[in-house]
>>> print(open('protein_8.tsv').read())   # TSV, C-alpha atoms
chain	number	residue	atom	x	y	z
V	452	MET	CA	-14.38	90.35	53.10
V	453	GLU	CA	-16.75	87.45	53.84
V	454	ALA	CA	-19.10	86.23	51.13
V	455	THR	CA	-22.54	84.71	51.61
V	456	CYS	CA	-22.79	80.92	51.64
V	457	ASN	CA	-25.75	78.90	50.45
V	458	GLY	CA	-24.70	75.83	52.41
V	459	SER	CA	-26.65	74.40	55.34
V	460	LYS	CA	-24.98	74.38	58.73
V	461	ASP	CA	-26.39	70.91	59.38
V	462	SER	CA	-24.78	69.23	56.36
V	463	SER	CA	-21.18	68.77	55.32
V	464	PRO	CA	-20.18	70.27	51.98
V	465	VAL	CA	-19.21	68.10	49.04
V	466	PHE	CA	-16.19	69.07	46.95
V	467	TYR	CA	-16.38	68.90	43.16
V	468	LEU	CA	-12.97	68.65	41.49
V	469	VAL	CA	-13.16	70.46	38.17
V	470	GLY	CA	-9.86	68.99	36.91
V	471	ILE	CA	-8.27	70.89	34.01
V	472	PRO	CA	-11.07	73.18	32.76
V	473	SER	CA	-9.94	73.67	29.16
V	474	LEU	CA	-9.06	69.99	28.61
V	475	LEU	CA	-11.39	68.43	26.07
V	476	GLU	CA	-13.16	65.26	27.14
V	477	SER	CA	-11.65	63.43	24.17
V	478	PHE	CA	-8.21	63.84	25.80
V	479	PHE	CA	-9.26	62.44	29.20
V	480	LEU	CA	-8.13	58.91	28.35
V	481	LEU	CA	-4.73	60.14	27.11
V	482	VAL	CA	-4.19	62.18	30.29
V	483	PHE	CA	-5.28	59.17	32.36
V	484	LEU	CA	-2.71	56.96	30.62
V	485	ILE	CA	0.06	59.55	31.12
V	486	PHE	CA	-0.71	59.87	34.84
V	487	LEU	CA	-1.02	56.08	35.16
V	488	LEU	CA	2.40	55.57	33.56
V	489	ILE	CA	3.98	58.22	35.77
V	490	SER	CA	2.42	56.78	38.93
V	491	LEU	CA	3.58	53.26	38.05
V	492	LEU	CA	7.13	54.51	37.45
V	493	ILE	CA	7.06	56.33	40.78
V	494	LEU	CA	5.70	53.36	42.73
V	495	VAL	CA	7.83	50.66	41.09
V	496	GLY	CA	11.02	52.75	41.11
V	497	ASN	CA	10.73	53.82	44.73
V	498	GLU	CA	9.67	50.37	45.90
V	499	LEU	CA	12.75	48.92	44.18
V	500	ILE	CA	14.89	51.45	46.07
V	501	LEU	CA	13.25	50.52	49.37
V	502	VAL	CA	13.58	46.77	48.88
V	503	SER	CA	17.14	46.89	47.52
V	504	VAL	CA	18.43	49.08	50.37
V	505	VAL	CA	16.76	46.96	53.05
V	506	ALA	CA	17.88	43.68	51.47
V	507	GLU	CA	21.50	44.65	50.69
V	508	PRO	CA	23.73	44.88	53.81
V	509	SER	CA	26.34	47.01	51.99
V	510	LEU	CA	23.71	49.77	51.66
V	511	HIS	CA	22.95	49.95	55.39
V	512	LYS	CA	24.59	53.36	55.67
V	513	PRO	CA	23.30	56.86	56.54
V	514	THR	CA	23.01	58.05	52.93
V	515	TYR	CA	20.74	55.16	52.00
V	516	PHE	CA	18.81	55.35	55.26
V	517	PHE	CA	17.73	58.87	54.28
V	518	LEU	CA	17.16	57.75	50.69
V	519	ILE	CA	14.60	55.13	51.73
V	520	ASN	CA	12.88	57.80	53.84
V	521	LEU	CA	12.64	59.90	50.69
V	522	SER	CA	11.33	56.95	48.67
V	523	ALA	CA	8.71	56.17	51.31
V	524	LEU	CA	7.55	59.79	51.22
V	525	ASP	CA	7.34	59.73	47.42
V	526	ILE	CA	5.17	56.60	47.53
V	527	LEU	CA	2.89	58.07	50.20
V	528	SER	CA	2.61	61.44	48.45
V	529	THR	CA	1.78	59.79	45.12
V	530	THR	CA	-0.87	57.49	46.59
V	531	THR	CA	-2.44	60.52	48.30
V	532	THR	CA	-3.17	62.47	45.11
V	533	VAL	CA	-2.75	60.40	41.94
V	534	PRO	CA	-5.49	57.74	42.49
V	535	LYS	CA	-8.15	60.46	42.64
V	536	MET	CA	-6.73	62.10	39.51
V	537	LEU	CA	-6.88	58.74	37.70
V	538	SER	CA	-10.46	58.24	38.82
V	539	LEU	CA	-11.32	61.77	37.69
V	540	PHE	CA	-10.02	61.34	34.16
V	541	LEU	CA	-11.08	57.72	33.59
V	542	LEU	CA	-14.41	57.50	35.42
V	543	GLU	CA	-15.20	61.23	35.59
V	544	ASP	CA	-15.51	60.83	39.35
V	545	HIS	CA	-15.33	64.49	40.38
V	546	TYR	CA	-16.68	64.35	43.93
V	547	LEU	CA	-14.87	64.19	47.27
V	548	SER	CA	-16.49	64.26	50.70
V	549	PHE	CA	-15.54	66.93	53.21
V	550	PRO	CA	-13.39	64.59	55.38
V	551	ALA	CA	-11.72	63.02	52.30
V	552	CYS	CA	-10.81	66.41	50.83
V	553	PHE	CA	-9.34	67.72	54.09
V	554	LEU	CA	-7.46	64.48	54.74
V	555	GLN	CA	-5.98	64.57	51.23
V	556	MET	CA	-5.01	68.22	51.68
V	557	TYR	CA	-3.35	67.57	55.06
V	558	LEU	CA	-1.46	64.46	53.92
V	559	PHE	CA	-0.25	66.03	50.67
V	560	HIS	CA	1.21	69.07	52.43
V	561	SER	CA	2.62	67.01	55.32
V	562	PHE	CA	4.47	64.68	52.95
V	563	SER	CA	5.69	67.64	50.87
V	564	CYS	CA	7.09	69.33	53.98
V	565	SER	CA	8.68	66.05	55.10
V	566	GLU	CA	10.39	65.73	51.74
V	567	ALA	CA	11.85	69.22	52.07
V	568	PHE	CA	13.27	68.44	55.51
V	569	VAL	CA	14.64	65.03	54.45
V	570	LEU	CA	16.42	66.68	51.52
V	571	VAL	CA	18.05	69.10	53.98
V	572	VAL	CA	19.21	66.19	56.14
V	573	MET	CA	20.60	64.42	53.04
V	574	ALA	CA	22.54	67.55	52.10
V	575	CYS	CA	24.03	67.76	55.61
V	576	ASP	CA	24.93	64.06	55.45
V	577	ARG	CA	26.86	64.59	52.19
V	578	TYR	CA	28.52	67.70	53.63
V	579	VAL	CA	29.90	65.72	56.58
V	580	ALA	CA	30.90	62.76	54.36
V	581	ILE	CA	32.84	64.88	51.85
V	582	CYS	CA	34.04	67.87	53.87
V	583	ARG	CA	34.57	66.16	57.26
V	584	PRO	CA	35.23	62.51	56.34
V	585	LEU	CA	37.19	61.71	59.51
V	586	HIS	CA	34.31	62.89	61.68
V	587	TYR	CA	31.65	61.07	59.64
V	588	PRO	CA	31.51	57.81	61.68
V	589	VAL	CA	31.33	59.80	64.92
V	590	LEU	CA	28.72	62.34	63.83
V	591	MET	CA	26.45	60.19	61.66
V	592	THR	CA	25.72	57.38	64.12
V	593	PRO	CA	22.57	55.23	63.80
V	594	GLN	CA	21.05	57.09	66.74
V	595	THR	CA	21.74	60.47	65.11
V	596	ASN	CA	20.30	59.27	61.79
V	597	ALA	CA	17.14	57.98	63.47
V	598	ALA	CA	16.72	61.25	65.38
V	599	LEU	CA	17.18	63.36	62.21
V	600	GLY	CA	14.75	61.21	60.23
V	601	ALA	CA	12.14	61.20	62.99
V	602	SER	CA	12.45	64.98	63.43
V	603	ALA	CA	11.89	65.55	59.70
V	604	TRP	CA	8.74	63.41	59.71
V	605	LEU	CA	7.32	64.69	63.01
V	606	THR	CA	7.88	68.38	62.25
V	607	ALA	CA	6.23	68.07	58.85
V	608	LEU	CA	3.25	66.10	60.21
V	609	LEU	CA	2.63	68.78	62.84
V	610	LEU	CA	3.26	71.86	60.67
V	611	PRO	CA	0.03	71.88	58.60
V	612	ILE	CA	-2.28	71.03	61.52
V	613	PRO	CA	-3.08	74.63	62.63
V	614	ALA	CA	-4.06	75.64	59.09
V	615	VAL	CA	-6.26	72.56	58.60
V	616	VAL	CA	-7.94	72.92	62.01
V	617	GLN	CA	-8.68	76.59	61.34
V	618	MET	CA	-10.14	75.71	57.93
V	619	LEU	CA	-12.63	73.33	59.58
V	620	HIS	CA	-14.42	76.43	60.89
V	621	MET	CA	-14.65	78.16	57.51
V	622	ALA	CA	-17.95	78.35	55.66
V	623	PHE	CA	-18.53	76.54	52.35
V	624	ASP	CA	-21.45	76.05	49.98
V	625	ASN	CA	-23.18	72.66	49.89
V	626	THR	CA	-21.27	71.87	46.68
V	627	VAL	CA	-17.83	73.44	46.49
V	628	HIS	CA	-16.23	73.69	43.05
V	629	ILE	CA	-12.46	73.17	43.29
V	630	CYS	CA	-10.59	74.21	40.16
V	631	HIS	CA	-7.92	71.57	40.56
V	632	CYS	CA	-7.21	67.83	40.21
V	633	PHE	CA	-6.93	67.35	43.98
V	634	CYS	CA	-7.58	69.27	47.20
V	635	ASP	CA	-4.76	71.77	47.56
V	636	HIS	CA	-4.72	74.18	50.50
V	637	LEU	CA	-4.81	77.49	48.66
V	638	VAL	CA	-7.45	76.33	46.16
V	639	VAL	CA	-9.75	75.10	48.93
V	640	VAL	CA	-9.25	78.37	50.83
V	641	GLN	CA	-10.16	80.37	47.71
V	642	ALA	CA	-13.35	78.31	47.34
V	643	SER	CA	-14.54	79.27	50.83
V	644	CYS	CA	-17.02	82.07	51.38
V	645	SER	CA	-15.37	83.08	54.67
V	646	ASP	CA	-12.67	85.69	55.08
V	647	THR	CA	-9.46	84.08	53.79
V	648	THR	CA	-6.90	86.61	55.01
V	649	SER	CA	-5.66	84.59	58.00
V	650	GLN	CA	-5.51	81.37	55.97
V	651	THR	CA	-3.54	83.02	53.17
V	652	PHE	CA	-1.07	84.39	55.72
V	653	MET	CA	-0.79	81.00	57.45
V	654	GLY	CA	-0.14	79.28	54.11
V	655	PHE	CA	2.58	81.83	53.38
V	656	CYS	CA	4.19	81.15	56.78
V	657	ILE	CA	4.21	77.39	56.17
V	658	ALA	CA	5.73	77.90	52.72
V	659	LEU	CA	8.37	80.17	54.28
V	660	VAL	CA	9.27	77.57	56.93
V	661	VAL	CA	9.65	74.90	54.23
V	662	SER	CA	11.66	77.17	51.92
V	663	LEU	CA	14.09	78.55	54.51
V	664	PRO	CA	16.02	75.25	54.70
V	665	LEU	CA	16.96	75.87	51.07
V	666	LEU	CA	19.57	78.33	52.39
V	667	LEU	CA	21.08	75.56	54.51
V	668	VAL	CA	21.04	73.21	51.50
V	669	LEU	CA	22.76	75.78	49.27
V	670	LEU	CA	25.38	76.44	51.94
V	671	SER	CA	26.07	72.69	52.32
V	672	TYR	CA	26.49	72.19	48.58
V	673	ALA	CA	28.70	75.26	48.27
V	674	HIS	CA	31.08	73.71	50.82
V	675	ILE	CA	30.81	70.32	49.07
V	676	LEU	CA	31.65	71.88	45.69
V	677	ALA	CA	34.63	73.72	47.16
V	678	SER	CA	35.93	70.53	48.79
V	679	VAL	CA	35.44	68.41	45.66
V	680	LEU	CA	37.31	70.92	43.48
V	681	LEU	CA	40.30	70.60	45.82
V	682	ILE	CA	40.55	66.86	45.09
V	683	SER	CA	43.52	66.42	42.75
V	684	SER	CA	42.48	63.27	40.88
V	685	ARG	CA	39.70	63.32	38.31
V	686	LYS	CA	38.55	59.89	39.51
V	687	GLY	CA	38.24	61.16	43.07
V	688	ARG	CA	36.23	64.18	42.00
V	689	SER	CA	33.95	61.98	39.88
V	690	LYS	CA	33.40	59.58	42.77
V	691	ALA	CA	32.56	62.42	45.17
V	692	PHE	CA	30.09	63.95	42.72
V	693	SER	CA	28.48	60.55	42.05
V	694	THR	CA	27.55	60.18	45.72
V	695	CYS	CA	25.50	63.38	45.35
V	696	SER	CA	23.68	62.40	42.14
V	697	SER	CA	20.41	61.71	43.92
V	698	HIS	CA	20.59	65.16	45.48
V	699	LEU	CA	19.75	66.72	42.13
V	700	LEU	CA	16.28	66.29	43.59
V	701	VAL	CA	16.94	69.31	45.81
V	702	GLY	CA	16.95	71.58	42.77
V	703	THR	CA	13.97	69.90	41.13
V	704	TYR	CA	11.96	69.90	44.37
V	705	TYR	CA	12.39	73.59	45.05
V	706	SER	CA	12.01	74.40	41.35
V	707	SER	CA	8.64	72.65	41.34
V	708	ILE	CA	7.62	74.65	44.43
V	709	ALA	CA	8.63	77.83	42.62
V	710	ILE	CA	6.60	76.81	39.55
V	711	ALA	CA	3.53	76.16	41.69
V	712	TYR	CA	3.94	79.44	43.61
V	713	VAL	CA	4.46	81.56	40.49
V	714	ALA	CA	1.51	79.85	38.81
V	715	TYR	CA	-0.73	80.91	41.72
V	716	ARG	CA	0.57	84.44	42.10
V	717	ALA	CA	1.09	85.45	38.50
V	718	ASP	CA	-1.74	86.56	36.25
V	719	LEU	CA	-1.81	83.30	34.29
V	720	PRO	CA	-4.67	81.22	32.91
V	721	LEU	CA	-6.30	78.85	35.38
V	722	ASP	CA	-4.86	75.79	33.64
V	723	PHE	CA	-1.32	77.02	34.42
V	724	HIS	CA	-2.25	77.27	38.10
V	725	ILE	CA	-3.45	73.67	38.10
V	726	MET	CA	-0.58	72.22	36.09
V	727	GLY	CA	1.98	74.10	38.20
V	728	ASN	CA	0.77	72.26	41.30
V	729	VAL	CA	0.44	68.92	39.49
V	730	VAL	CA	4.10	69.28	38.38
V	731	HIS	CA	5.06	69.93	42.01
V	732	ALA	CA	3.16	66.76	43.06
V	733	ILE	CA	4.80	64.37	40.58
V	734	LEU	CA	8.15	65.86	39.47
V	735	ALA	CA	10.33	65.07	42.50
V	736	PRO	CA	8.92	61.53	43.04
V	737	ILE	CA	9.43	60.49	39.40
V	738	LEU	CA	12.95	61.94	39.31
V	739	ASN	CA	13.87	60.22	42.58
V	740	ALA	CA	12.74	56.90	41.12
V	741	LEU	CA	14.56	57.41	37.81
V	742	ILE	CA	17.81	58.90	39.16
V	743	ASN	CA	18.33	56.30	41.85
V	744	THR	CA	17.38	53.25	39.77
V	745	LEU	CA	19.19	54.29	36.58
V	746	ARG	CA	22.15	56.43	37.74
V	747	ASN	CA	22.99	55.23	41.25
V	748	LYS	CA	25.49	52.39	40.76
V	749	ASP	CA	25.06	50.95	44.25
V	750	VAL	CA	21.28	50.74	44.00
V	751	LYS	CA	21.53	49.31	40.47
V	752	ALA	CA	23.96	46.67	41.73
V	753	ALA	CA	21.63	45.73	44.59
V	754	ILE	CA	18.64	45.47	42.23
V	755	THR	CA	20.67	43.33	39.82
V	756	LYS	CA	21.77	41.12	42.71
V	757	MET	CA	18.14	40.58	43.76
V	758	ALA	CA	17.00	39.87	40.21
V	759	CYS	CA	20.01	37.72	39.23
V	760	PRO	CA	21.71	36.34	42.35
V	761	GLN	CA	24.67	35.09	40.30
V	762	GLY	CA	24.83	38.26	38.14
V	763	PRO	CA	27.73	40.68	37.80
V	764	GLY	CA	26.15	43.29	40.09
V	765	ASN	CA	26.98	41.43	43.30
V	766	SER	CA	30.08	43.44	44.04
V	767	GLY	CA	28.51	46.91	44.28
V	768	THR	CA	29.63	48.75	47.40
V	769	LEU	CA	29.36	52.27	48.68
V	770	ASN	CA	31.96	54.44	50.31
V	771	PRO	CA	30.40	57.19	52.44
>>> encode(input="protein_8.tsv", output="structure tokens")
Amino acid sequence: MEATCNGSKDSSPVFYLVGIPSLLESFFLLVFLIFLLISLLILVGNELILVSVVAEPSLHKPTYFFLINLSALDILSTTTTVPKMLSLFLLEDHYLSFPACFLQMYLFHSFSCSEAFVLVVMACDRYVAICRPLHYPVLMTPQTNAALGASAWLTALLLPIPAVVQMLHMAFDNTVHICHCFCDHLVVVQASCSDTTSQTFMGFCIALVVSLPLLLVLLSYAHILASVLLISSRKGRSKAFSTCSSHLLVGTYYSSIAIAYVAYRADLPLDFHIMGNVVHAILAPILNALINTLRNKDVKAAITKMACPQGPGNSGTLNP
């Protein structure tokens, strides 16, 4: 059912980000500092991954090619949403223009979809490396890697366009109150005074397309686990598992999606809805930065080599 709008057809609406409604103003600075720390960890960690992989010839392999794609997406996703959240809590800058809100919404969902597809490609890469090692050099050629990476980016950049274009024709008040820290698709749809049935269905379809690859990921890791358990030596099993350490992100990524979805659908307080989506926005990027700078021996060795050219980390190598 379509509600009545008070907005003028000749003027673009302005979006007012409410933030976290029940958060007391006295806690704004603390929340700002927490988000600032998280964003710095995400940016510094993922930039270290990017620079170390590009600079270290021994890391010029398919696994790390996809890893730098993931790091680039984490940086882009973070810079799409977090700066506005920092401005909101530090300067109480609640307003976003119509184009800025829709651009933020499109970019956030595009980068989120890209991350899902890159994680699928990474899972397939590890499946071939562990379960079909003799075929790995033939199947995972530079051309194949470039095609897989480009497909993940292009598909995700195109996927949200129909929903965003359709939303441009929806009616809004002159000042639209968004109960969130950034412009998320479902929240913006709910703030419209047009009929939202088609948009809700379209959002569900996009979420379904992004979530379906989870089946492929689970299948890949089931085969990987079965192959690793067949390795007789403990050292061999440990080495095989270590090459998949960064892929813990698969579980955290889809878990954060589940948290955000349940927060929207369940009869929970509004703050849970907001925090569920904020967790989805920052959880995977921060874990990618921490896991691959602290636990990945090859990346750690490359970072050490850059920081201390004569240091002990110069000998780090990776076996696919």
>>> axis_aligned_box(input="protein_8.tsv", around="segment 733-747 of chain V", padding_each_side="3 Å", output="lines of an AutoDock Vina configuration file")
center_x = 13.9
center_y = 59.6
center_z = 39.8
size_x = 24.2
size_y = 18.6
size_z = 12.5
>>> residues_around(input="protein_8.tsv", residues="Ile493 of chain V", least_positions_apart="4", cutoff="10 Å", atoms="all atoms listed in the file", output="list in words")
Leu487, Leu488, Ile489, Asn497, Glu498, Leu499, Ser522, Asp525, Ile526, Thr529, Thr530, Ile733, Leu734, Ala735, Pro736, Ile737, Leu738, Asn739, Ala740 and Leu741 of chain V
>>> closest_residue(input="protein_8.tsv", among="V:Leu474, V:Met621, V:Val616, V:Leu491", to="Val533 of chain V", atoms="all atoms listed in the file")
V:Leu491
>>> residues_around(input="protein_8.tsv", residues="Ala506 of chain V", least_positions_apart="3", cutoff="10 Å", atoms="all atoms listed in the file", output="PyMOL selection string")
chain V and resi 500-503+509-511+753-754+756-757
>>> closest_residue(input="protein_8.tsv", among="V:Phe466, V:Tyr578, V:Phe517, V:Phe562", to="Leu676 of chain V", atoms="all atoms listed in the file")
V:Tyr578
>>> build_atoms(input="protein_8.tsv", residues="segment 515-546 of chain V", atoms="N, CA and C atoms", output="PDB file, keeping the file's coordinate frame")
ATOM      1  N   TYR V 515      21.839  55.978  52.519  1.00  0.00           N
ATOM      2  CA  TYR V 515      20.740  55.160  52.000  1.00  0.00           C
ATOM      3  C   TYR V 515      19.594  55.055  53.003  1.00  0.00           C
ATOM      4  N   PHE V 516      19.888  55.261  54.275  1.00  0.00           N
ATOM      5  CA  PHE V 516      18.810  55.350  55.260  1.00  0.00           C
ATOM      6  C   PHE V 516      17.908  56.542  54.938  1.00  0.00           C
ATOM      7  N   PHE V 517      18.519  57.683  54.629  1.00  0.00           N
ATOM      8  CA  PHE V 517      17.730  58.870  54.280  1.00  0.00           C
ATOM      9  C   PHE V 517      17.070  58.708  52.911  1.00  0.00           C
ATOM     10  N   LEU V 518      17.734  57.971  52.020  1.00  0.00           N
ATOM     11  CA  LEU V 518      17.160  57.750  50.690  1.00  0.00           C
ATOM     12  C   LEU V 518      15.877  56.935  50.770  1.00  0.00           C
ATOM     13  N   ILE V 519      15.834  55.917  51.641  1.00  0.00           N
ATOM     14  CA  ILE V 519      14.600  55.130  51.730  1.00  0.00           C
ATOM     15  C   ILE V 519      13.498  55.938  52.421  1.00  0.00           C
ATOM     16  N   ASN V 520      13.880  56.873  53.288  1.00  0.00           N
ATOM     17  CA  ASN V 520      12.880  57.800  53.840  1.00  0.00           C
ATOM     18  C   ASN V 520      12.260  58.626  52.720  1.00  0.00           C
ATOM     19  N   LEU V 521      13.113  59.104  51.820  1.00  0.00           N
ATOM     20  CA  LEU V 521      12.640  59.900  50.690  1.00  0.00           C
ATOM     21  C   LEU V 521      11.745  59.071  49.775  1.00  0.00           C
ATOM     22  N   SER V 522      12.132  57.831  49.524  1.00  0.00           N
ATOM     23  CA  SER V 522      11.330  56.950  48.670  1.00  0.00           C
ATOM     24  C   SER V 522       9.979  56.649  49.297  1.00  0.00           C
ATOM     25  N   ALA V 523       9.970  56.422  50.610  1.00  0.00           N
ATOM     26  CA  ALA V 523       8.710  56.170  51.310  1.00  0.00           C
ATOM     27  C   ALA V 523       7.776  57.384  51.198  1.00  0.00           C
ATOM     28  N   LEU V 524       8.353  58.571  51.344  1.00  0.00           N
ATOM     29  CA  LEU V 524       7.550  59.790  51.220  1.00  0.00           C
ATOM     30  C   LEU V 524       7.000  59.952  49.803  1.00  0.00           C
ATOM     31  N   ASP V 525       7.803  59.624  48.805  1.00  0.00           N
ATOM     32  CA  ASP V 525       7.340  59.730  47.420  1.00  0.00           C
ATOM     33  C   ASP V 525       6.181  58.775  47.150  1.00  0.00           C
ATOM     34  N   ILE V 526       6.261  57.574  47.698  1.00  0.00           N
ATOM     35  CA  ILE V 526       5.170  56.600  47.530  1.00  0.00           C
ATOM     36  C   ILE V 526       3.907  57.102  48.216  1.00  0.00           C
ATOM     37  N   LEU V 527       4.054  57.588  49.447  1.00  0.00           N
ATOM     38  CA  LEU V 527       2.890  58.070  50.200  1.00  0.00           C
ATOM     39  C   LEU V 527       2.266  59.295  49.540  1.00  0.00           C
ATOM     40  N   SER V 528       3.114  60.223  49.095  1.00  0.00           N
ATOM     41  CA  SER V 528       2.610  61.440  48.450  1.00  0.00           C
ATOM     42  C   SER V 528       1.863  61.100  47.153  1.00  0.00           C
ATOM     43  N   THR V 529       2.419  60.174  46.380  1.00  0.00           N
ATOM     44  CA  THR V 529       1.780  59.790  45.120  1.00  0.00           C
ATOM     45  C   THR V 529       0.441  59.109  45.352  1.00  0.00           C
ATOM     46  N   THR V 530       0.380  58.204  46.328  1.00  0.00           N
ATOM     47  CA  THR V 530      -0.870  57.490  46.590  1.00  0.00           C
ATOM     48  C   THR V 530      -1.912  58.399  47.256  1.00  0.00           C
ATOM     49  N   THR V 531      -1.482  59.565  47.725  1.00  0.00           N
ATOM     50  CA  THR V 531      -2.440  60.520  48.300  1.00  0.00           C
ATOM     51  C   THR V 531      -3.206  61.284  47.228  1.00  0.00           C
ATOM     52  N   THR V 532      -2.545  61.604  46.118  1.00  0.00           N
ATOM     53  CA  THR V 532      -3.170  62.470  45.110  1.00  0.00           C
ATOM     54  C   THR V 532      -3.494  61.787  43.787  1.00  0.00           C
ATOM     55  N   VAL V 533      -2.597  60.936  43.303  1.00  0.00           N
ATOM     56  CA  VAL V 533      -2.750  60.400  41.940  1.00  0.00           C
ATOM     57  C   VAL V 533      -3.962  59.494  41.766  1.00  0.00           C
ATOM     58  N   PRO V 534      -4.309  58.588  42.710  1.00  0.00           N
ATOM     59  CA  PRO V 534      -5.490  57.740  42.490  1.00  0.00           C
ATOM     60  C   PRO V 534      -6.768  58.534  42.201  1.00  0.00           C
ATOM     61  N   LYS V 535      -6.958  59.643  42.897  1.00  0.00           N
ATOM     62  CA  LYS V 535      -8.150  60.460  42.640  1.00  0.00           C
ATOM     63  C   LYS V 535      -8.070  61.105  41.265  1.00  0.00           C
ATOM     64  N   MET V 536      -6.875  61.530  40.849  1.00  0.00           N
ATOM     65  CA  MET V 536      -6.730  62.100  39.510  1.00  0.00           C
ATOM     66  C   MET V 536      -7.023  61.057  38.442  1.00  0.00           C
ATOM     67  N   LEU V 537      -6.589  59.820  38.661  1.00  0.00           N
ATOM     68  CA  LEU V 537      -6.880  58.740  37.700  1.00  0.00           C
ATOM     69  C   LEU V 537      -8.372  58.480  37.626  1.00  0.00           C
ATOM     70  N   SER V 538      -9.017  58.458  38.777  1.00  0.00           N
ATOM     71  CA  SER V 538     -10.460  58.240  38.820  1.00  0.00           C
ATOM     72  C   SER V 538     -11.209  59.386  38.135  1.00  0.00           C
ATOM     73  N   LEU V 539     -10.690  60.599  38.307  1.00  0.00           N
ATOM     74  CA  LEU V 539     -11.320  61.770  37.690  1.00  0.00           C
ATOM     75  C   LEU V 539     -11.305  61.688  36.173  1.00  0.00           C
ATOM     76  N   PHE V 540     -10.153  61.332  35.615  1.00  0.00           N
ATOM     77  CA  PHE V 540     -10.020  61.340  34.160  1.00  0.00           C
ATOM     78  C   PHE V 540     -10.566  60.074  33.492  1.00  0.00           C
ATOM     79  N   LEU V 541     -10.566  58.946  34.203  1.00  0.00           N
ATOM     80  CA  LEU V 541     -11.080  57.720  33.590  1.00  0.00           C
ATOM     81  C   LEU V 541     -12.573  57.542  33.824  1.00  0.00           C
ATOM     82  N   LEU V 542     -13.015  57.744  35.056  1.00  0.00           N
ATOM     83  CA  LEU V 542     -14.410  57.500  35.420  1.00  0.00           C
ATOM     84  C   LEU V 542     -15.223  58.774  35.555  1.00  0.00           C
ATOM     85  N   GLU V 543     -14.551  59.923  35.380  1.00  0.00           N
ATOM     86  CA  GLU V 543     -15.200  61.230  35.590  1.00  0.00           C
ATOM     87  C   GLU V 543     -15.815  61.321  36.981  1.00  0.00           C
ATOM     88  N   ASP V 544     -15.083  60.799  37.944  1.00  0.00           N
ATOM     89  CA  ASP V 544     -15.510  60.830  39.350  1.00  0.00           C
ATOM     90  C   ASP V 544     -14.975  62.115  39.973  1.00  0.00           C
ATOM     91  N   HIS V 545     -15.781  63.147  39.992  1.00  0.00           N
ATOM     92  CA  HIS V 545     -15.330  64.490  40.380  1.00  0.00           C
ATOM     93  C   HIS V 545     -15.520  64.783  41.869  1.00  0.00           C
ATOM     94  N   TYR V 546     -16.256  63.961  42.582  1.00  0.00           N
ATOM     95  CA  TYR V 546     -16.680  64.350  43.930  1.00  0.00           C
ATOM     96  C   TYR V 546     -15.771  63.778  45.027  1.00  0.00           C
TER      97      TYR V 546
END
